[in-house]
$ cat entry_30.pdb   # PDB, C-alpha atoms
MODEL        1
ATOM      1  CA  GLU A   1       0.000   0.000   0.000
ATOM      2  CA  LEU A   2       1.205   3.511  -0.801
ATOM      3  CA  ASP A   3       2.121   5.754   2.100
ATOM      4  CA  PRO A   4       0.861   9.321   1.533
ATOM      5  CA  SER A   5       3.526  10.690   3.862
ATOM      6  CA  PHE A   6       6.111   9.927   1.177
ATOM      7  CA  HIS A   7       4.559  12.153  -1.473
ATOM      8  CA  TYR A   8       7.587  14.459  -1.533
ATOM      9  CA  SER A   9       9.789  11.495  -2.419
ATOM     10  CA  TYR A  10       7.545  10.663  -5.360
ATOM     11  CA  GLN A  11       7.571  14.298  -6.472
ATOM     12  CA  ASN A  12      11.363  14.295  -6.348
ATOM     13  CA  LEU A  13      11.466  11.109  -8.433
ATOM     14  CA  VAL A  14       9.220  12.726 -11.040
ATOM     15  CA  VAL A  15      11.633  15.656 -11.320
ATOM     16  CA  ILE A  16      14.751  13.480 -11.362
ATOM     17  CA  TYR A  17      13.481  11.169 -14.087
ATOM     18  CA  ALA A  18      12.111  14.048 -16.147
ATOM     19  CA  ASN A  19      15.454  15.863 -15.938
ATOM     20  CA  GLN A  20      17.212  12.677 -17.057
ATOM     21  CA  GLY A  21      14.869  12.449 -20.029
ATOM     22  CA  ASN A  22      13.281   9.237 -18.770
ATOM     23  CA  LEU A  23       9.703  10.390 -19.291
ATOM     24  CA  THR A  24       8.281   6.881 -18.979
ATOM     25  CA  LYS A  25       9.552   6.618 -15.392
ATOM     26  CA  ALA A  26       8.566  10.229 -14.703
ATOM     27  CA  ILE A  27       4.987   9.445 -15.762
ATOM     28  CA  GLU A  28       4.967   6.299 -13.632
ATOM     29  CA  TYR A  29       5.847   8.303 -10.524
ATOM     30  CA  ALA A  30       3.572  11.204 -11.498
ATOM     31  CA  GLU A  31       0.653   8.768 -11.695
ATOM     32  CA  THR A  32       1.586   7.320  -8.302
ATOM     33  CA  LEU A  33       1.764  10.834  -6.885
ATOM     34  CA  LYS A  34      -1.726  11.550  -8.212
ATOM     35  CA  GLN A  35      -2.997   8.473  -6.350
ATOM     36  CA  LEU A  36      -1.335   9.643  -3.144
ATOM     37  CA  ARG A  37      -2.452  13.247  -3.507
ATOM     38  CA  SER A  38      -5.755  12.969  -5.367
ATOM     39  CA  ASN A  39      -6.921  16.299  -3.909
ATOM     40  CA  ASP A  40      -3.729  18.165  -4.799
ATOM     41  CA  PRO A  41      -4.052  20.165  -8.024
ATOM     42  CA  ARG A  42      -0.270  20.432  -8.287
ATOM     43  CA  ALA A  43       0.029  16.665  -8.676
ATOM     44  CA  PHE A  44      -2.176  16.909 -11.762
ATOM     45  CA  TYR A  45      -0.339  20.011 -13.018
ATOM     46  CA  ASN A  46       3.015  18.262 -12.747
ATOM     47  CA  ALA A  47       1.670  15.173 -14.515
ATOM     48  CA  ALA A  48       0.389  17.452 -17.283
ATOM     49  CA  LEU A  49       3.864  18.925 -17.726
ATOM     50  CA  ILE A  50       5.347  15.450 -18.176
ATOM     51  CA  TYR A  51       2.643  14.497 -20.676
ATOM     52  CA  LEU A  52       3.398  17.693 -22.595
ATOM     53  CA  ALA A  53       7.070  16.770 -22.659
ATOM     54  CA  ARG A  54       5.954  13.485 -24.260
ATOM     55  CA  ASN A  55       3.865  15.455 -26.784
ATOM     56  CA  ASP A  56       0.654  13.998 -25.388
ATOM     57  CA  ARG A  57      -1.536  17.075 -25.422
ATOM     58  CA  LYS A  58      -4.738  15.119 -24.789
ATOM     59  CA  LEU A  59      -3.542  13.580 -21.523
ATOM     60  CA  ALA A  60      -1.982  16.874 -20.491
ATOM     61  CA  LEU A  61      -5.328  18.647 -20.874
ATOM     62  CA  GLU A  62      -7.147  15.832 -19.058
ATOM     63  CA  ASN A  63      -4.783  16.233 -16.106
ATOM     64  CA  LEU A  64      -5.191  19.996 -16.112
ATOM     65  CA  ASP A  65      -8.977  19.588 -16.088
ATOM     66  CA  GLN A  66      -8.708  17.156 -13.176
ATOM     67  CA  GLY A  67      -6.491  19.633 -11.359
ATOM     68  CA  LEU A  68      -9.111  22.348 -11.729
ATOM     69  CA  ARG A  69     -11.737  20.033 -10.241
ATOM     70  CA  VAL A  70      -9.744  19.641  -7.019
ATOM     71  CA  VAL A  71      -8.134  23.095  -6.824
ATOM     72  CA  GLY A  72     -10.045  24.265  -3.731
ATOM     73  CA  ALA A  73      -8.449  27.383  -2.248
ATOM     74  CA  ASP A  74      -5.032  26.928  -3.870
ATOM     75  CA  TYR A  75      -5.276  30.030  -6.024
ATOM     76  CA  GLU A  76      -1.654  29.848  -7.136
ATOM     77  CA  ALA A  77      -2.159  26.321  -8.494
ATOM     78  CA  GLU A  78      -5.399  27.407 -10.134
ATOM     79  CA  GLN A  79      -3.596  30.226 -11.940
ATOM     80  CA  LEU A  80      -0.783  27.918 -13.077
ATOM     81  CA  ILE A  81      -3.314  25.451 -14.465
ATOM     82  CA  ARG A  82      -5.448  28.092 -16.170
ATOM     83  CA  ASP A  83      -2.390  29.731 -17.740
ATOM     84  CA  LEU A  84      -1.196  26.425 -19.164
ATOM     85  CA  ILE A  85      -4.651  25.572 -20.505
ATOM     86  CA  LYS A  86      -4.743  28.955 -22.301
ATOM     87  CA  LYS A  87      -1.386  28.217 -23.914
ATOM     88  CA  LEU A  88      -2.609  24.840 -25.121
ATOM     89  CA  LYS A  89      -5.901  25.991 -26.614
TER      90      LYS A  89
ENDMDL
END

$ encode --input "entry_30.pdb" --output "structure tokens"
Amino acid sequence: ELDPSFHYSYQNLVVIYANQGNLTKAIEYAETLKQLRSNDPRAFYNAALIYLARNDRKLALENLDQGLRVVGADYEAEQLIRDLIKKLK
């Protein structure tokens, strides 16, 4: 079972693998992070960035839409998501 207290470790793995160009592994950890932090819009935003790096616009937009659904009071995350959606449309 996944331990939500380790979400920062998963986020770090996403960044490390993305920086190494291993987008397959980055997506794997981004998806795990989304499971751990399903109410965190930044988890969806970060997954969207990895999907964009893989030229998968459709999945990027799906993740951004999911992020908006859980944004709550995180206005900074909401702005990041909305800005990226504008750039993609």

$ atom_distance --input "entry_30.pdb" --atom1 "CA of Ala77 (chain A)" --atom2 "CA of Asn63 (chain A)"
12.9 Å

$ resolve_selection --input "entry_30.pdb" --expression "the PyMOL selection byres ((chain A and resi 70-72) around 10)" --output "PyMOL selection string"
chain A and resi 38-42+44+65-69+73-79+81

$ atom_distance --input "entry_30.pdb" --atom1 "CA of Arg57 (chain A)" --atom2 "CA of Tyr29 (chain A)"
18.8 Å

$ resolve_selection --input "entry_30.pdb" --expression "the PyMOL selection byres ((chain A and resi 32) around 12)" --output "PyMOL selection string"
chain A and resi 1-4+6-11+13-14+25-31+33-38+43-44+46-47

$ axis_aligned_box --input "entry_30.pdb" --around "region 7-20 of chain A" --padding-each-side "4 Å" --output "AutoDock Vina command-line options"
--center_x 10.9 --center_y 13.3 --center_z -9.3 --size_x 20.7 --size_y 13.2 --size_z 23.6

$ atom_distance --input "entry_30.pdb" --atom1 "CA of Ala53 (chain A)" --atom2 "CA of Leu23 (chain A)"
7.7 Å

$ closest_residue --input "entry_30.pdb" --among "A:Leu80, A:Gly21, A:Ser5, A:Asn12" --to "Ala48 (chain A)" --atoms "all atoms listed in the file"
A:Leu80
